[in-house]
file input_4.txt (compact mmCIF, C-alpha atoms)
# COMPACT_ATOMS: atom_id res chain seq x y z
CA MET A 1 133.31 130.01 165.23
CA ARG A 2 135.57 132.39 163.38
CA VAL A 3 139.11 131.08 163.83
CA LEU A 4 142.36 132.69 162.76
CA ILE A 5 145.40 130.40 162.61
CA ILE A 6 148.72 132.22 162.33
CA ALA A 7 152.02 130.89 161.04
CA LEU A 8 155.16 133.01 161.07
CA CYS A 9 156.64 131.18 158.07
CA PRO A 10 155.34 130.93 154.48
CA LEU A 11 152.18 128.84 154.25
CA LYS A 12 153.81 126.04 152.30
CA PRO A 13 153.93 122.37 153.37
CA GLU A 14 157.74 122.40 153.14
CA TYR A 15 157.70 124.26 156.47
CA GLY A 16 156.74 122.21 159.52
CA ALA A 17 154.83 125.05 161.24
CA ALA A 18 152.90 125.69 158.04
CA GLN A 19 152.02 122.00 157.72
CA LEU A 20 150.52 122.06 161.20
CA ALA A 21 148.55 125.25 160.51
CA LEU A 22 147.19 124.08 157.15
CA ASN A 23 146.25 120.59 158.37
CA LEU A 24 144.54 121.95 161.48
CA ALA A 25 142.59 124.53 159.46
CA GLU A 26 141.46 121.94 156.93
CA ALA A 27 140.27 119.61 159.69
CA LEU A 28 138.39 122.36 161.59
CA ARG A 29 136.30 123.53 158.62
CA PRO A 30 134.02 120.45 158.39
CA LEU A 31 133.09 121.04 162.05
CA GLY A 32 131.28 124.25 161.09
CA ASN A 33 134.11 126.72 161.65
CA GLU A 34 135.10 129.63 159.44
CA VAL A 35 138.88 129.29 159.45
CA THR A 36 141.40 131.78 158.09
CA THR A 37 145.12 131.00 157.85
CA TRP A 38 147.54 133.89 157.73
CA ALA A 39 151.28 134.39 157.40
CA PRO A 40 153.16 137.70 157.23
CA GLY A 41 155.15 136.96 154.08
CA MET A 42 158.84 137.65 153.68
CA PRO A 43 160.34 140.72 155.37
CA PRO A 44 161.73 143.44 153.08
CA ALA A 45 165.23 142.67 151.82
CA THR A 46 166.51 145.93 153.31
CA LEU A 47 165.36 145.00 156.82
CA ARG A 48 168.04 143.86 159.26
CA TRP A 49 167.58 140.31 160.58
CA TRP A 50 167.10 141.44 164.17
CA HIS A 51 164.04 143.47 163.08
CA HIS A 52 162.31 140.54 161.37
CA MET A 53 160.19 139.43 164.33
CA SER A 54 159.03 142.93 165.23
CA TRP A 55 158.10 143.46 161.57
CA LYS A 56 156.03 140.24 161.56
CA ARG A 57 154.25 141.26 164.76
CA GLN A 58 153.41 144.66 163.26
CA GLU A 59 152.12 143.04 160.06
CA LEU A 60 149.82 140.84 162.16
CA GLU A 61 148.46 143.83 164.04
CA ARG A 62 147.79 145.66 160.75
CA PHE A 63 145.98 142.59 159.39
CA LEU A 64 143.78 142.34 162.49
CA GLU A 65 142.80 146.02 162.24
CA GLU A 66 141.18 145.27 158.88
CA GLN A 67 139.26 142.17 160.03
CA PRO A 68 136.03 141.61 161.95
CA ALA A 69 136.61 140.20 165.41
CA PHE A 70 137.58 136.54 165.68
CA ASP A 71 136.31 134.07 168.23
CA ILE A 72 139.69 132.30 168.38
CA ILE A 73 143.14 133.58 167.47
CA ASP A 74 145.64 130.73 167.33
CA ALA A 75 149.21 132.00 167.25
CA PRO A 76 152.76 131.16 168.27
CA PRO A 77 153.35 132.77 171.68
CA VAL A 78 156.01 135.13 170.31
CA ALA A 79 153.36 136.73 168.07
CA ILE A 80 150.88 137.52 170.85
CA THR A 81 151.22 141.25 171.41
CA ARG A 82 148.84 143.23 173.60
CA ARG A 83 146.80 144.24 170.54
CA VAL A 84 146.61 140.63 169.30
CA ALA A 85 145.40 139.47 172.73
CA ARG A 86 142.54 141.99 172.57
CA SER A 87 141.44 141.00 169.06
CA ALA A 88 139.57 137.78 169.89
CA ALA A 89 137.34 136.29 172.55
CA VAL A 90 139.99 133.66 173.27
CA VAL A 91 143.67 133.51 172.30
CA PHE A 92 145.45 130.18 171.96
CA ALA A 93 149.23 130.19 172.28
CA ARG A 94 149.82 127.05 170.22
CA SER A 95 153.35 125.71 170.22
CA VAL A 96 154.96 124.42 167.04
CA GLN A 97 158.35 124.04 168.72
CA PRO A 98 159.80 124.29 172.25
CA ASP A 99 160.78 127.93 171.82
CA LEU A 100 162.81 128.41 174.99
CA ARG A 101 164.76 125.18 174.52
CA TYR A 102 165.55 126.13 170.92
CA LEU A 103 166.62 129.58 172.04
CA LYS A 104 168.89 128.02 174.67
CA TRP A 105 170.73 126.09 171.94
CA ASP A 106 170.88 129.21 169.76
CA PHE A 107 172.33 131.12 172.72
CA PHE A 108 175.00 128.45 173.29
CA ASP A 109 175.81 128.52 169.59
CA ALA A 110 176.25 132.31 169.74
CA ALA A 111 178.44 132.00 172.86
CA SER A 112 180.70 129.52 171.06
CA ARG A 113 181.45 132.21 168.47
CA LEU A 114 182.21 134.92 171.01
CA THR A 115 186.00 134.90 170.64
CA ARG A 116 185.95 134.68 166.83
CA ARG A 117 183.12 137.09 166.04
CA PRO A 118 182.30 139.01 169.23
CA LEU A 119 179.95 141.61 167.75
CA SER A 120 177.72 139.18 165.84
CA ALA A 121 177.78 136.72 168.75
CA CYS A 122 176.66 139.40 171.22
CA GLY A 123 173.96 140.51 168.79
CA ALA A 124 172.67 136.96 168.40
CA ALA A 125 172.68 136.41 172.18
CA LEU A 126 170.71 139.63 172.77
CA TYR A 127 168.21 138.63 170.10
CA CYS A 128 167.72 135.29 171.87
CA LEU A 129 167.01 137.19 175.08
CA TYR A 130 164.47 139.44 173.31
CA LEU A 131 162.64 136.43 171.84
CA THR A 132 162.67 134.61 175.19
CA ILE A 133 160.97 137.55 176.88
CA ALA A 134 158.45 137.84 174.03
CA VAL A 135 157.54 134.15 174.29
CA ILE A 136 156.99 134.28 178.06
CA ILE A 137 154.87 137.44 177.77
CA GLY A 138 152.85 135.76 174.99
CA TRP A 139 152.10 132.81 177.28
CA HIS A 140 150.82 135.14 179.98
CA ARG A 141 148.57 136.99 177.52
CA ALA A 142 146.99 133.79 176.18
CA ALA A 143 143.95 132.08 177.68
CA VAL A 144 145.12 128.63 176.52
CA ILE A 145 148.66 127.32 176.02
CA LEU A 146 148.67 124.30 173.71
CA CYS A 147 151.91 122.34 173.85
CA LEU A 148 152.90 120.09 170.97
CA GLY A 149 152.92 116.64 172.56
CA SER A 150 153.07 115.37 176.13
CA HIS A 151 156.86 115.78 176.34
CA GLU A 152 156.64 119.57 175.97
CA GLU A 153 153.61 119.77 178.26
CA ALA A 154 155.49 117.92 181.02
CA TRP A 155 158.45 120.29 180.58
CA MET A 156 156.15 123.33 180.84
CA ARG A 157 154.47 121.98 183.96
CA ARG A 158 157.85 121.57 185.64
CA ARG A 159 159.32 124.91 184.60
CA PHE A 160 156.22 127.15 184.72
CA PRO A 161 153.92 125.75 187.44
CA TRP A 162 151.94 129.02 187.66
CA LEU A 163 150.70 128.44 184.07
CA ARG A 164 149.45 124.89 184.70
CA ASP A 165 145.75 125.83 184.65
CA ARG A 166 146.17 127.10 181.06
CA LEU A 167 148.16 124.15 179.72
CA GLY A 168 146.99 121.47 177.33
CA CYS A 169 148.55 119.56 174.47
CA TYR A 170 147.77 118.46 170.95
CA PHE A 171 149.41 115.95 168.64
CA ALA A 172 150.56 115.92 165.02
CA ALA A 173 149.79 113.58 162.15
CA ALA A 174 150.32 113.34 158.43
CA SER A 175 147.56 114.78 156.26
CA PRO A 176 145.00 112.27 154.91
CA SER A 177 146.43 112.40 151.38
CA GLU A 178 150.00 111.99 152.64
CA MET A 179 148.95 109.11 154.89
CA ILE A 180 147.79 107.14 151.85
CA ARG A 181 151.07 107.72 150.01
CA LEU A 182 153.17 106.84 153.04
CA GLN A 183 151.31 103.62 153.75
CA GLN A 184 151.62 102.62 150.08
CA ILE A 185 155.40 102.92 150.44
CA GLY A 186 155.29 100.73 153.55
CA ALA A 187 153.16 98.10 151.84
CA GLY A 188 155.58 97.94 148.90
CA ARG A 189 158.83 97.50 150.81
CA THR A 190 160.80 94.51 149.51
CA PRO A 191 162.97 92.02 151.44
CA PRO A 192 166.63 93.05 151.97
CA HIS A 193 169.25 91.86 149.51
CA ASP A 194 172.24 92.13 151.87
CA LEU A 195 173.20 93.14 155.41
CA SER A 196 173.93 96.80 154.62
CA THR A 197 171.58 99.53 155.85
CA ARG A 198 170.64 102.77 154.12
CA PHE A 199 170.04 105.39 156.84
CA LEU A 200 168.08 108.61 156.31
CA TRP A 201 168.25 111.78 158.42
CA ILE A 202 166.01 114.74 157.55
CA GLY A 203 166.19 118.25 158.99
CA ARG A 204 167.76 121.66 158.90
CA TRP A 205 171.36 121.81 160.06
CA ALA A 206 170.98 123.35 163.52
CA ALA A 207 172.57 122.56 166.87
CA HIS A 208 169.29 121.59 168.56
CA LYS A 209 168.77 118.92 165.88
CA GLY A 210 171.70 116.98 167.36
CA THR A 211 173.93 117.43 164.32
CA GLY A 212 177.09 116.83 166.36
CA ARG A 213 175.65 113.57 167.68
CA LEU A 214 174.69 112.56 164.14
CA VAL A 215 178.15 113.19 162.71
CA ARG A 216 179.85 111.27 165.53
CA PHE A 217 177.52 108.32 164.95
CA ILE A 218 178.10 108.33 161.19
CA CYS A 219 181.88 108.39 161.61
CA GLU A 220 181.82 105.45 164.04
CA ARG A 221 179.27 103.48 162.07
CA ALA A 222 181.14 103.99 158.80
CA ARG A 223 184.22 102.50 160.47
CA THR A 224 182.47 99.43 161.92
CA HIS A 225 179.94 98.91 159.08
CA PRO A 226 181.61 100.19 155.89
CA ALA A 227 178.79 98.88 153.66
CA ASP A 228 176.20 101.14 155.30
CA ARG A 229 175.15 104.36 153.57
CA PHE A 230 173.84 107.63 155.00
CA THR A 231 171.71 110.38 153.45
CA ILE A 232 171.37 113.77 155.12
CA ALA A 233 168.45 115.60 153.50
CA GLY A 234 167.03 119.09 153.87
CA CYS A 235 170.20 120.33 155.57
CA GLY A 236 170.96 123.30 153.31
CA ARG A 237 174.68 123.97 152.97
CA GLY A 238 175.45 123.78 156.67
CA ALA A 239 176.43 120.11 156.74
CA GLU A 240 179.23 120.42 154.20
CA GLY A 241 181.73 121.74 156.72
CA ASP A 242 180.88 119.21 159.44
CA VAL A 243 180.77 115.88 157.60
CA PRO A 244 184.26 114.45 156.87
CA THR A 245 185.17 114.98 153.24
CA ALA A 246 186.49 111.40 153.03
CA LEU A 247 183.00 110.02 153.68
CA LEU A 248 181.51 112.34 151.07
CA ALA A 249 184.17 111.38 148.54
CA THR A 250 183.57 107.64 148.94
CA GLY A 251 179.80 108.07 148.70
CA GLN A 252 179.16 106.65 152.16
CA VAL A 253 177.46 109.95 153.01
CA ARG A 254 175.23 111.84 150.58
CA LEU A 255 174.01 115.38 151.21
CA ILE A 256 170.72 116.62 149.74
CA PRO A 257 170.46 120.34 150.64
CA THR A 258 166.80 120.69 149.60
CA PHE A 259 164.00 118.54 148.24
CA THR A 260 160.36 118.91 147.27
CA ARG A 261 157.41 117.23 148.95
CA GLU A 262 157.10 114.92 145.96
CA GLU A 263 160.77 113.95 146.24
CA LEU A 264 160.22 113.09 149.91
CA TYR A 265 158.29 109.95 148.99
CA GLN A 266 161.15 108.66 146.85
CA LEU A 267 163.62 109.39 149.65
CA LEU A 268 161.55 107.33 152.06
CA ASP A 269 161.21 104.49 149.57
CA ASP A 270 164.95 104.43 148.88
CA HIS A 271 166.04 104.01 152.52
CA ASP A 272 165.80 101.31 155.16
CA ALA A 273 165.93 103.14 158.50
CA GLY A 274 165.49 106.65 159.84
CA LEU A 275 167.63 108.62 162.27
CA PHE A 276 166.26 111.22 164.70
CA THR A 277 168.99 112.80 166.83
CA SER A 278 167.44 115.99 168.24
CA ASN A 279 168.54 117.56 171.51
CA ALA A 280 165.29 119.57 171.51
CA GLU A 281 162.36 119.17 169.13
CA GLY A 282 158.79 120.34 168.70
CA TRP A 283 157.40 117.10 167.34
CA GLY A 284 159.47 115.98 164.40
CA LEU A 285 157.07 115.64 161.49
CA THR A 286 159.70 113.53 159.76
CA LEU A 287 159.08 110.98 162.53
CA ASN A 288 155.50 110.56 161.36
CA GLU A 289 156.56 110.36 157.74
CA MET A 290 159.29 107.77 158.27
CA LEU A 291 157.23 105.63 160.65
CA GLU A 292 154.10 105.70 158.48
CA SER A 293 156.21 104.60 155.50
CA GLY A 294 157.09 101.41 157.40
CA MET A 295 160.60 102.50 158.30
CA PRO A 296 162.14 101.79 161.72
CA VAL A 297 163.47 104.99 163.29
CA PHE A 298 166.34 105.20 165.79
CA ALA A 299 165.45 108.21 167.93
CA THR A 300 166.47 110.24 170.93
CA LYS A 301 163.71 110.78 173.51
CA GLU A 302 162.60 114.17 172.24
CA GLY A 303 159.63 115.75 170.49
CA GLY A 304 156.82 113.35 169.67
CA VAL A 305 158.81 110.22 170.48
CA ALA A 306 157.15 109.63 173.87
CA ASP A 307 153.69 109.75 172.28
CA LEU A 308 154.59 107.84 169.12
CA GLU A 309 156.26 105.00 171.07
CA ARG A 310 152.81 103.91 172.21
CA VAL A 311 151.66 103.71 168.61
CA PHE A 312 154.77 102.32 166.90
CA PRO A 313 156.34 100.14 169.63
CA HIS A 314 158.30 98.00 167.16
CA ARG A 315 159.35 100.63 164.63
CA LEU A 316 160.49 103.31 167.05
CA ARG A 317 163.84 102.32 168.57
CA ARG A 318 166.46 103.94 170.75
CA PHE A 319 169.30 105.90 169.15
CA PRO A 320 172.01 104.90 168.35
CA PRO A 321 171.52 101.51 166.68
CA ARG A 322 173.85 98.80 167.97
CA GLY A 323 175.40 96.10 165.80
CA ASP A 324 173.67 94.89 162.65
CA VAL A 325 170.26 96.43 162.06
CA VAL A 326 167.42 93.99 161.43
CA ILE A 327 165.09 95.58 158.89
CA VAL A 328 161.57 94.31 158.35
CA ARG A 329 160.90 95.32 154.78
CA ARG A 330 157.22 94.36 154.88
CA PRO A 331 156.07 95.91 158.17
CA SER A 332 152.71 95.12 159.71
CA LEU A 333 150.30 97.81 158.59
CA VAL A 334 148.24 97.22 161.73
CA GLU A 335 150.87 99.05 163.76
CA GLY A 336 150.15 102.74 163.57
CA GLN A 337 146.51 102.46 162.51
CA LYS A 338 145.32 103.37 166.01
CA TRP A 339 147.19 106.68 165.81
CA CYS A 340 144.96 109.76 165.78
CA SER A 341 144.19 111.58 162.56
CA TRP A 342 143.77 115.31 162.01
CA ALA A 343 140.02 114.74 162.27
CA ASP A 344 140.55 113.44 165.83
CA ILE A 345 142.93 116.31 166.66
CA ALA A 346 140.48 118.89 165.33
CA GLN A 347 137.54 117.48 167.29
CA ARG A 348 139.43 117.84 170.57
CA TYR A 349 140.61 121.32 169.59
CA ASP A 350 137.07 122.37 168.59
CA ALA A 351 135.55 121.14 171.85
CA LEU A 352 138.13 123.03 173.92
CA ALA A 353 137.77 126.20 171.83
CA ARG A 354 133.96 126.28 172.06
CA CYS A 355 134.10 125.74 175.82
CA ARG A 356 136.60 128.58 176.28
CA VAL A 357 134.62 130.95 174.03
CA ARG A 358 131.43 130.29 176.03
CA GLU A 359 133.30 130.99 179.27
CA ALA A 360 134.78 134.22 177.89
CA ARG A 361 131.35 135.55 176.87
CA ARG A 362 129.58 134.92 180.19

call {"tool": "encode", "arguments": {"input": "input_4.txt", "output": "structure tokens"}}
result
Amino acid sequence: MRVLIIALCPLKPEYGAAQLALNLAEALRPLGNEVTTWAPGMPPATLRWWHHMSWKRQELERFLEEQPAFDIIDAPPVAITRRVARSAAVVFARSVQPDLRYLKWDFFDAASRLTRRPLSACGAALYCLYLTIAVIIGWHRAAVILCLGSHEEAWMRRRFPWLRDRLGCYFAAASPSEMIRLQQIGAGRTPPHDLSTRFLWIGRWAAHKGTGRLVRFICERARTHPADRFTIAGCGRGAEGDVPTALLATGQVRLIPTFTREELYQLLDDHDAGLFTSNAEGWGLTLNEMLESGMPVFATKEGGVADLERVFPHRLRRFPPRGDVVIVRRPSLVEGQKWCSWADIAQRYDALARCRVREARR
């Protein structure tokens, strides 16, 4: 099959959507597929932010005009225009995040700024409405809607019952090379020297990531367990105004605005426990990374948590942690080994795609 996998962000592993696209493409090729990955690049600097999505959709249409027909086009639902839907035998609307739930949080964030900055708030709210409509239309144009994890699939089945016959789900995993590095970190964890805990939170600083919940927890935990330390990584500059300056000054909280993939492994090795506080989440690739590195993670019931609980029953715990945290520095490497790999994910995807292509050509 000729398969086109589309990401609307740069095709670099620092971006979660790009990680999913690249790992899926790499796993599909050994199954006899000709796989192309494509991203639109960065919009022109002169383009207003509210035109970015329409520009990306137009770039995709221009790219497809120059290509032979594909058997499968795999795209985020917001990218599925009428022309995209006609450019392949079968179109997969593959989720990388719960778009409508993210947009809800973005809308609430815009509404909270209405009295202070009414014009920009109204503009942001209208943009959320435009994207919401585009996502729903994209679902209706697709032959298959692949949700990321069972949590999102269950949400879709409740909210959009008329799309149930198109719904399916897929899972996420670390790449084979990353899996080796992560498990090496887990195997090398040393026994604790004291009762303090070094917590790690990774993510961009956005409302749907549960940043308010995180800050409230840190403030309370710093009061009751002053020896604990907290690192907030990958947050950009957004966290600086929300974390109390006193905690930053004492070193109880450390902010790391950006980090490379190579620096990620050191971050995981330097910390004892992970925090996952999302109000809405696609999967949470950091969940895989922290769990595979042998780290217990205190998580809200979002994203991939429901699926990963079956695989990491001892490492995945409910947020927030209560009392002293018991850290097992040398975790059992048996836990997690039954989790699916990208080879498993790709085999299920390939079987579904070939079945749908055969049906479309009858």

call {"tool": "residues_around", "arguments": {"input": "input_4.txt", "residues": "Arg213 in chain A", "least_positions_apart": "3", "cutoff": "10 Å", "atoms": "only C-alpha atoms", "output": "PyMOL selection string"}}
result
chain A and resi 207+209-210+216-218+277-279+320

call {"tool": "residues_around", "arguments": {"input": "input_4.txt", "residues": "Leu182 in chain A", "least_positions_apart": "4", "cutoff": "12 Å", "atoms": "only C-alpha atoms", "output": "compact mmCIF listing (two decimals) with C-alpha atoms, in the coordinates of the input"}}
result
# COMPACT_ATOMS: atom_id res chain seq x y z
CA ALA A 173 149.79 113.58 162.15
CA ALA A 174 150.32 113.34 158.43
CA SER A 175 147.56 114.78 156.26
CA PRO A 176 145.00 112.27 154.91
CA SER A 177 146.43 112.40 151.38
CA GLU A 178 150.00 111.99 152.64
CA GLY A 186 155.29 100.73 153.55
CA ALA A 187 153.16 98.10 151.84
CA GLY A 188 155.58 97.94 148.90
CA ARG A 189 158.83 97.50 150.81
CA ARG A 261 157.41 117.23 148.95
CA GLU A 262 157.10 114.92 145.96
CA LEU A 264 160.22 113.09 149.91
CA TYR A 265 158.29 109.95 148.99
CA GLN A 266 161.15 108.66 146.85
CA LEU A 267 163.62 109.39 149.65
CA LEU A 268 161.55 107.33 152.06
CA ASP A 269 161.21 104.49 149.57
CA THR A 286 159.70 113.53 159.76
CA LEU A 287 159.08 110.98 162.53
CA ASN A 288 155.50 110.56 161.36
CA GLU A 289 156.56 110.36 157.74
CA MET A 290 159.29 107.77 158.27
CA LEU A 291 157.23 105.63 160.65
CA GLU A 292 154.10 105.70 158.48
CA SER A 293 156.21 104.60 155.50
CA GLY A 294 157.09 101.41 157.40
CA MET A 295 160.60 102.50 158.30
CA LEU A 333 150.30 97.81 158.59
CA GLY A 336 150.15 102.74 163.57

call {"tool": "residues_near_point", "arguments": {"input": "input_4.txt", "point": "(156.2, 136.2, 171.7)", "cutoff": "6 Å", "atoms": "all atoms listed in the file", "output": "ChimeraX atom specification"}}
result
/A:77-80,134-135,138

call {"tool": "closest_residue", "arguments": {"input": "input_4.txt", "among": "A:Phe230, A:Ala125, A:Tyr15, A:Ala154", "to": "Thr260 in chain A", "atoms": "all atoms listed in the file"}}
result
A:Tyr15

call {"tool": "closest_residue", "arguments": {"input": "input_4.txt", "among": "A:Ala21, A:Met1, A:Ala143, A:Ala246", "to": "Asn33 in chain A", "atoms": "all atoms listed in the file"}}
result
A:Met1

call {"tool": "closest_residue", "arguments": {"input": "input_4.txt", "among": "A:Leu47, A:Leu247, A:Ala121, A:Leu4", "to": "Asp71 in chain A", "atoms": "only C-alpha atoms"}}
result
A:Leu4

call {"tool": "atom_distance", "arguments": {"input": "input_4.txt", "atom1": "CA of Ala39 in chain A", "atom2": "CA of Ser87 in chain A"}}
result
16.6 Å

call {"tool": "residues_near_point", "arguments": {"input": "input_4.txt", "point": "(133.0, 127.4, 172.5)", "cutoff": "12 Å", "atoms": "all atoms listed in the file", "output": "list in words"}}
result
Met1, Arg2, Val3, Gly32, Asn33, Asp71, Ile72, Ala89, Val90, Arg348, Tyr349, Asp350, Ala351, Leu352, Ala353, Arg354, Cys355, Arg356, Val357, Arg358, Glu359, Ala360, Arg361 and Arg362 of chain A

call {"tool": "closest_residue", "arguments": {"input": "input_4.txt", "among": "A:Leu28, A:Asp165, A:Arg315, A:Arg204", "to": "Phe259 in chain A", "atoms": "only C-alpha atoms"}}
result
A:Arg204

call {"tool": "axis_aligned_box", "arguments": {"input": "input_4.txt", "around": "range 71-77 of chain A", "padding_each_side": "5 Å", "output": "JSON"}}
result
{"center_x": 144.8, "center_y": 132.4, "center_z": 169.5, "size_x": 27.0, "size_y": 13.3, "size_z": 14.4}

call {"tool": "atom_distance", "arguments": {"input": "input_4.txt", "atom1": "CA of Cys147 in chain A", "atom2": "CA of Pro98 in chain A"}}
result
8.3 Å

call {"tool": "atom_distance", "arguments": {"input": "input_4.txt", "atom1": "CA of Ile232 in chain A", "atom2": "CA of Leu248 in chain A"}}
result
11.0 Å

call {"tool": "decode", "arguments": {"input": "input_4.txt", "residues": "range 232-312 of chain A", "atoms": "C-alpha atoms", "output": "PDB file, in the first residue's frame"}}
result
ATOM      1  CA  ILE A 232       9.037  21.328  35.758  1.00  0.00           C
ATOM      2  CA  ALA A 233      10.524  20.606  32.326  1.00  0.00           C
ATOM      3  CA  GLY A 234       9.537  21.567  28.796  1.00  0.00           C
ATOM      4  CA  CYS A 235       7.248  24.330  30.060  1.00  0.00           C
ATOM      5  CA  GLY A 236       8.666  27.247  28.065  1.00  0.00           C
ATOM      6  CA  ARG A 237       8.412  30.551  29.905  1.00  0.00           C
ATOM      7  CA  GLY A 238       4.787  30.148  30.924  1.00  0.00           C
ATOM      8  CA  ALA A 239       5.435  28.639  34.350  1.00  0.00           C
ATOM      9  CA  GLU A 240       7.495  31.544  35.654  1.00  0.00           C
ATOM     10  CA  GLY A 241       4.469  33.655  36.504  1.00  0.00           C
ATOM     11  CA  ASP A 242       2.515  30.830  38.158  1.00  0.00           C
ATOM     12  CA  VAL A 243       5.067  29.155  40.436  1.00  0.00           C
ATOM     13  CA  PRO A 244       5.682  31.103  43.689  1.00  0.00           C
ATOM     14  CA  THR A 245       8.975  32.961  43.504  1.00  0.00           C
ATOM     15  CA  ALA A 246       9.834  31.831  47.047  1.00  0.00           C
ATOM     16  CA  LEU A 247       9.925  28.194  45.928  1.00  0.00           C
ATOM     17  CA  LEU A 248      12.090  29.091  42.942  1.00  0.00           C
ATOM     18  CA  ALA A 249      14.447  31.116  45.125  1.00  0.00           C
ATOM     19  CA  THR A 250      14.982  28.286  47.614  1.00  0.00           C
ATOM     20  CA  GLY A 251      15.560  25.750  44.845  1.00  0.00           C
ATOM     21  CA  GLN A 252      12.612  23.592  45.864  1.00  0.00           C
ATOM     22  CA  VAL A 253      11.236  24.111  42.353  1.00  0.00           C
ATOM     23  CA  ARG A 254      13.415  24.140  39.242  1.00  0.00           C
ATOM     24  CA  LEU A 255      12.141  25.224  35.830  1.00  0.00           C
ATOM     25  CA  ILE A 256      13.668  23.837  32.623  1.00  0.00           C
ATOM     26  CA  PRO A 257      11.984  25.687  29.720  1.00  0.00           C
ATOM     27  CA  THR A 258      13.336  23.368  26.999  1.00  0.00           C
ATOM     28  CA  PHE A 259      15.466  20.259  26.704  1.00  0.00           C
ATOM     29  CA  THR A 260      16.743  17.956  23.984  1.00  0.00           C
ATOM     30  CA  ARG A 261      15.839  14.303  23.538  1.00  0.00           C
ATOM     31  CA  GLU A 262      19.291  13.360  24.794  1.00  0.00           C
ATOM     32  CA  GLU A 263      18.817  15.490  27.912  1.00  0.00           C
ATOM     33  CA  LEU A 264      15.531  13.686  28.589  1.00  0.00           C
ATOM     34  CA  TYR A 265      17.354  10.527  29.634  1.00  0.00           C
ATOM     35  CA  GLN A 266      19.378  12.413  32.239  1.00  0.00           C
ATOM     36  CA  LEU A 267      16.223  14.067  33.551  1.00  0.00           C
ATOM     37  CA  LEU A 268      14.599  10.676  34.035  1.00  0.00           C
ATOM     38  CA  ASP A 269      17.692   9.278  35.716  1.00  0.00           C
ATOM     39  CA  ASP A 270      17.943  12.237  38.104  1.00  0.00           C
ATOM     40  CA  HIS A 271      14.390  11.958  39.485  1.00  0.00           C
ATOM     41  CA  ASP A 272      12.476   9.511  41.648  1.00  0.00           C
ATOM     42  CA  ALA A 273       8.814   9.938  40.686  1.00  0.00           C
ATOM     43  CA  GLY A 274       6.771  11.426  37.866  1.00  0.00           C
ATOM     44  CA  LEU A 275       3.724  13.683  37.991  1.00  0.00           C
ATOM     45  CA  PHE A 276       0.952  13.659  35.379  1.00  0.00           C
ATOM     46  CA  THR A 277      -1.784  16.187  36.147  1.00  0.00           C
ATOM     47  CA  SER A 278      -3.697  16.623  32.873  1.00  0.00           C
ATOM     48  CA  ASN A 279      -7.347  17.650  32.716  1.00  0.00           C
ATOM     49  CA  ALA A 280      -7.418  16.408  29.105  1.00  0.00           C
ATOM     50  CA  GLU A 281      -4.692  14.501  27.284  1.00  0.00           C
ATOM     51  CA  GLY A 282      -4.120  12.614  24.061  1.00  0.00           C
ATOM     52  CA  TRP A 283      -1.909   9.903  25.498  1.00  0.00           C
ATOM     53  CA  GLY A 284       0.942  11.483  27.375  1.00  0.00           C
ATOM     54  CA  LEU A 285       4.117  10.134  25.797  1.00  0.00           C
ATOM     55  CA  THR A 286       5.967  11.250  28.914  1.00  0.00           C
ATOM     56  CA  LEU A 287       3.933   8.580  30.736  1.00  0.00           C
ATOM     57  CA  ASN A 288       5.583   5.881  28.641  1.00  0.00           C
ATOM     58  CA  GLU A 289       9.006   7.411  29.107  1.00  0.00           C
ATOM     59  CA  MET A 290       8.762   7.774  32.880  1.00  0.00           C
ATOM     60  CA  LEU A 291       7.192   4.355  33.421  1.00  0.00           C
ATOM     61  CA  GLU A 292       9.629   2.539  31.142  1.00  0.00           C
ATOM     62  CA  SER A 293      12.520   4.169  33.030  1.00  0.00           C
ATOM     63  CA  GLY A 294      11.300   2.447  36.213  1.00  0.00           C
ATOM     64  CA  MET A 295       9.773   5.560  37.728  1.00  0.00           C
ATOM     65  CA  PRO A 296       6.451   5.492  39.604  1.00  0.00           C
ATOM     66  CA  VAL A 297       4.055   8.084  38.183  1.00  0.00           C
ATOM     67  CA  PHE A 298       1.254   9.798  40.117  1.00  0.00           C
ATOM     68  CA  ALA A 299      -1.392  10.453  37.476  1.00  0.00           C
ATOM     69  CA  THR A 300      -4.879  11.756  36.892  1.00  0.00           C
ATOM     70  CA  LYS A 301      -7.175   9.384  34.974  1.00  0.00           C
ATOM     71  CA  GLU A 302      -6.584  10.913  31.551  1.00  0.00           C
ATOM     72  CA  GLY A 303      -4.905  10.033  28.271  1.00  0.00           C
ATOM     73  CA  GLY A 304      -3.246   6.633  28.206  1.00  0.00           C
ATOM     74  CA  VAL A 305      -3.548   6.045  31.948  1.00  0.00           C
ATOM     75  CA  ALA A 306      -6.494   3.632  31.674  1.00  0.00           C
ATOM     76  CA  ASP A 307      -4.581   1.451  29.197  1.00  0.00           C
ATOM     77  CA  LEU A 308      -1.201   1.715  30.910  1.00  0.00           C
ATOM     78  CA  GLU A 309      -2.632   0.793  34.331  1.00  0.00           C
ATOM     79  CA  ARG A 310      -3.086  -2.756  33.065  1.00  0.00           C
ATOM     80  CA  VAL A 311       0.579  -2.900  32.112  1.00  0.00           C
ATOM     81  CA  PHE A 312       2.187  -0.990  34.993  1.00  0.00           C
TER      82      PHE A 312
END
